[in-house]
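J.: Would you mind keeping the following structure in view while I ask a few things?
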Amino acid sequence: MKDYEALSRKHFDGQAAEYDRRDTYSYSQNGKISCRDIAQRIQGVPYEALLDVGCGTGFLIDMLAGQRKARYCGLDLSEGMIRMAKGKGIPGAEFVSGSADKLPYPDKSFDIVTCSQSFHHYPYPEKAMREAMRVLKPGGLYILSDTGIGGLGAWIDNHILFKLARSGDCHTTNRKGIEKMMANAGFTVTDSRQIKGMIYTVTGKKKGTR
């Protein structure tokens with residue numbers, strides 16, 4: 001099997017130093033759109049601990065930490081991205097390198113888990129979703145924002161284009177596909193909407209109360 005994690009790590013290590021500055025489709029444009037949408041969605045939502053999976057340079061956490069004090073954790077495959085995130089000196093934030101399907105955190109650690117523009121790089125997306133469920137507290141939110149399509153376009157991407165790509169892109173699905181995956185993982189989908197073009201945000205809630 002193609003090593004998508006190794007390809008993603010190499011791709012984003014190479015982009016890390018310029019990622020925030022280059023506001024283009026191939027760099028941070030879509031990520032910034034997703035991060036700003038996520039930040040807007042959690043305004044007014046109480047939380048003490050938040051995990052951003054696929055955090056990149058820490059753009060989302062930097063934005064959130066400027067608005068509210070909390071424990072912020074960011075995880076990313078790319079050590080280059082993690083270095084950039086740590087270099088921002090964000091108060092209350094810690095950043096580690098790791099995989100979305102093997103989160104290095106105890107059960108029920110976070111009130112919110114976010115994932116912006118990285119899910120299509122995960123070779124084991126269902127496992128990554130189960131890991132998000134595991135580390136969430138009862139009643140916690142999983143907010144996933146990504147770019148994707150369905151139908152014939154998805155089949156072409158997943159079976160032809162992504163097989164040839166060297167950037168670690170692994171699979172694509174639309175928001176209806178993400179809704180179904182969340183439901184299968186045990187989440188209750190509380191919000192799902194298209195943001196801009198092919199970019200969407202889906203929110204799932206873990207059963208129980210905090």
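Residue numbers start at 1 in each chain; chains themselves are named A, B, ... in the order of the structure tokens; ligands are numbered from 1 in the order shown.
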Could you pull out the helix (DSSP H, G or I) residues of range 56-144 of chain A from DSSP and send them as an NGL selection string?
T.: :A and (59-65 or 79-87 or 119-121 or 125-135)
J.: Which residues come within 10 Å of range 62-68 of chain A, counting only C-alpha atoms, excluding same-chain residues fewer than 4 positions away, as a count of residues only?
T.: 21
J.: Can you build me a table of range 26-105 of chain A residues sitting at most 10 Å from range 132-151 of chain A, with the closest atom pair per residue and its distance in Å to one decimal, using only C-alpha atoms, sorted by chain and residue number, as JSON lines?
T.:
```
{"residue": "A:Asn30", "atom": "CA", "partner": "A:Thr147", "partner_atom": "CA", "distance": 7.8}
{"residue": "A:Gly31", "atom": "CA", "partner": "A:Asp146", "partner_atom": "CA", "distance": 8.2}
{"residue": "A:Ile33", "atom": "CA", "partner": "A:Ser145", "partner_atom": "CA", "distance": 9.2}
{"residue": "A:Ser34", "atom": "CA", "partner": "A:Ser145", "partner_atom": "CA", "distance": 5.6}
{"residue": "A:Cys35", "atom": "CA", "partner": "A:Ser145", "partner_atom": "CA", "distance": 8.0}
{"residue": "A:Asp37", "atom": "CA", "partner": "A:Ser145", "partner_atom": "CA", "distance": 8.3}
{"residue": "A:Ile38", "atom": "CA", "partner": "A:Ile143", "partner_atom": "CA", "distance": 7.1}
{"residue": "A:Arg41", "atom": "CA", "partner": "A:Ile143", "partner_atom": "CA", "distance": 8.9}
{"residue": "A:Ile42", "atom": "CA", "partner": "A:Ile143", "partner_atom": "CA", "distance": 9.2}
{"residue": "A:Val45", "atom": "CA", "partner": "A:Leu141", "partner_atom": "CA", "distance": 9.7}
{"residue": "A:Tyr47", "atom": "CA", "partner": "A:Gly140", "partner_atom": "CA", "distance": 8.9}
{"residue": "A:Ala49", "atom": "CA", "partner": "A:Leu136", "partner_atom": "CA", "distance": 9.7}
{"residue": "A:Leu50", "atom": "CA", "partner": "A:Leu136", "partner_atom": "CA", "distance": 9.2}
{"residue": "A:Leu51", "atom": "CA", "partner": "A:Val135", "partner_atom": "CA", "distance": 9.1}
{"residue": "A:Asp52", "atom": "CA", "partner": "A:Ile143", "partner_atom": "CA", "distance": 9.5}
{"residue": "A:Val53", "atom": "CA", "partner": "A:Ala132", "partner_atom": "CA", "distance": 8.7}
{"residue": "A:Ala100", "atom": "CA", "partner": "A:Ala132", "partner_atom": "CA", "distance": 8.2}
{"residue": "A:Asp101", "atom": "CA", "partner": "A:Ala132", "partner_atom": "CA", "distance": 8.5}
{"residue": "A:Lys102", "atom": "CA", "partner": "A:Ala132", "partner_atom": "CA", "distance": 9.7}
{"residue": "A:Leu103", "atom": "CA", "partner": "A:Val135", "partner_atom": "CA", "distance": 8.0}
{"residue": "A:Pro104", "atom": "CA", "partner": "A:Val135", "partner_atom": "CA", "distance": 9.3}
{"residue": "A:Tyr105", "atom": "CA", "partner": "A:Val135", "partner_atom": "CA", "distance": 6.6}
```
J.: Counting only C-alpha atoms, which residue out of A:His159, A:Lys207, A:Lys180, A:Arg175 sits closest to Arg193 in chain A?
T.: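 Among the listed residues, A:Arg175 lies closest to Arg193 in chain A.
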J.: Can you measure CA of Ser116 in chain A to CA of Tyr25 in chain A for me? One decimal in Å is fine.
T.: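 Interatomic distance, CA of Ser116 in chain A to CA of Tyr25 in chain A: 14.2 Å.
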J.: Just list as a short mmCIF file (atom, residue, chain, number, x, y, z; two decimals) with C-alpha atoms, in the first residue's frame whatever in range 59-209 of chain A DSSP marks as strand (DSSP E or B).
T.:
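Wrote result_25.cif, looks like this:
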```cif
data_model
loop_
_atom_site.label_atom_id
_atom_site.label_comp_id
_atom_site.auth_asym_id
_atom_site.auth_seq_id
_atom_site.Cartn_x
_atom_site.Cartn_y
_atom_site.Cartn_z
CA ARG A 71 -5.82 24.07 27.31
CA TYR A 72 -5.00 23.80 23.61
CA CYS A 73 -3.32 20.78 22.05
CA GLY A 74 -2.27 20.48 18.44
CA LEU A 75 -1.15 17.31 16.67
CA ASP A 76 0.31 16.97 13.19
CA ALA A 93 -0.80 25.57 23.82
CA GLU A 94 1.21 22.40 23.36
CA PHE A 95 2.07 20.81 20.03
CA VAL A 96 3.20 17.26 19.26
CA SER A 97 3.85 15.23 16.13
CA PHE A 110 -11.17 17.10 25.51
CA ASP A 111 -14.37 19.09 25.25
CA ILE A 112 -13.81 19.78 21.54
CA VAL A 113 -11.80 18.01 18.82
CA THR A 114 -11.32 19.87 15.55
CA CYS A 115 -9.96 18.76 12.19
CA SER A 116 -9.51 21.25 9.35
CA LEU A 136 -13.76 13.42 23.71
CA LYS A 137 -15.61 13.88 26.95
CA PRO A 138 -19.30 12.88 26.99
CA GLY A 139 -21.23 15.64 25.25
CA GLY A 140 -18.09 16.84 23.48
CA LEU A 141 -18.00 18.13 19.92
CA TYR A 142 -16.10 16.86 16.88
CA ILE A 143 -15.89 19.58 14.21
CA LEU A 144 -14.51 18.47 10.86
CA SER A 145 -13.99 20.87 7.97
CA ASP A 146 -12.55 19.70 4.66
CA THR A 147 -12.68 19.97 0.89
CA THR A 188 -24.96 12.59 16.54
CA VAL A 189 -24.60 15.03 13.65
CA THR A 190 -25.77 18.42 14.93
CA ASP A 191 -24.77 20.66 12.03
CA SER A 192 -23.67 20.19 8.43
CA ARG A 193 -23.22 22.87 5.84
CA GLN A 194 -21.35 23.85 2.72
CA ILE A 195 -19.11 26.87 3.38
CA LYS A 196 -17.58 27.83 0.08
CA ILE A 199 -15.44 23.23 1.42
CA TYR A 200 -17.81 21.99 4.13
CA THR A 201 -17.99 21.75 7.92
CA VAL A 202 -19.75 18.94 9.78
CA THR A 203 -20.23 18.86 13.56
CA GLY A 204 -20.84 15.70 15.54
CA LYS A 205 -21.66 15.36 19.23
#
```
J.: Quick one: which range 46-161 of chain A residues come within 9 Å of range 13-19 of chain A, and what is the nearest atom pair for each with the distance in Å to one decimal, counting only C-alpha atoms, rows ordered by chain and ascending number, as a tab-separated table?
T.:
```
residue	atom	partner	partner_atom	distance
A:Gly56	CA	A:Ala16	CA	8.0
A:Thr57	CA	A:Ala16	CA	7.2
A:Ser78	CA	A:Asp13	CA	5.6
A:Glu79	CA	A:Asp13	CA	6.7
A:Gly80	CA	A:Asp13	CA	4.6
A:Met81	CA	A:Ala16	CA	5.1
A:Ile82	CA	A:Ala16	CA	8.6
A:Arg83	CA	A:Ala16	CA	8.5
A:Met84	CA	A:Ala16	CA	6.9
```
J.: Return the single residue from A:His120, A:Lys127, A:Lys32, A:Lys206 that is closest to Glu5 in chain A, with distances computed using only C-alpha atoms.
T.: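 Ranking A:His120, A:Lys127, A:Lys32, A:Lys206 by distance to Glu5 in chain A, first place goes to A:His120.
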J.: Measuring atom to atom with only C-alpha atoms, identify which of A:Gly177, A:Pro123, A:Gly153, A:Gly87 is nearest to Tyr4 in chain A.
T.: A:Pro123
J.: Using only C-alpha atoms, can you tell me which of A:Arg130, A:Lys10, A:Arg166, A:Lys69 comes closest to Phe187 in chain A?
T.: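 Of all the options, A:Arg130 lies closest to Phe187 in chain A.
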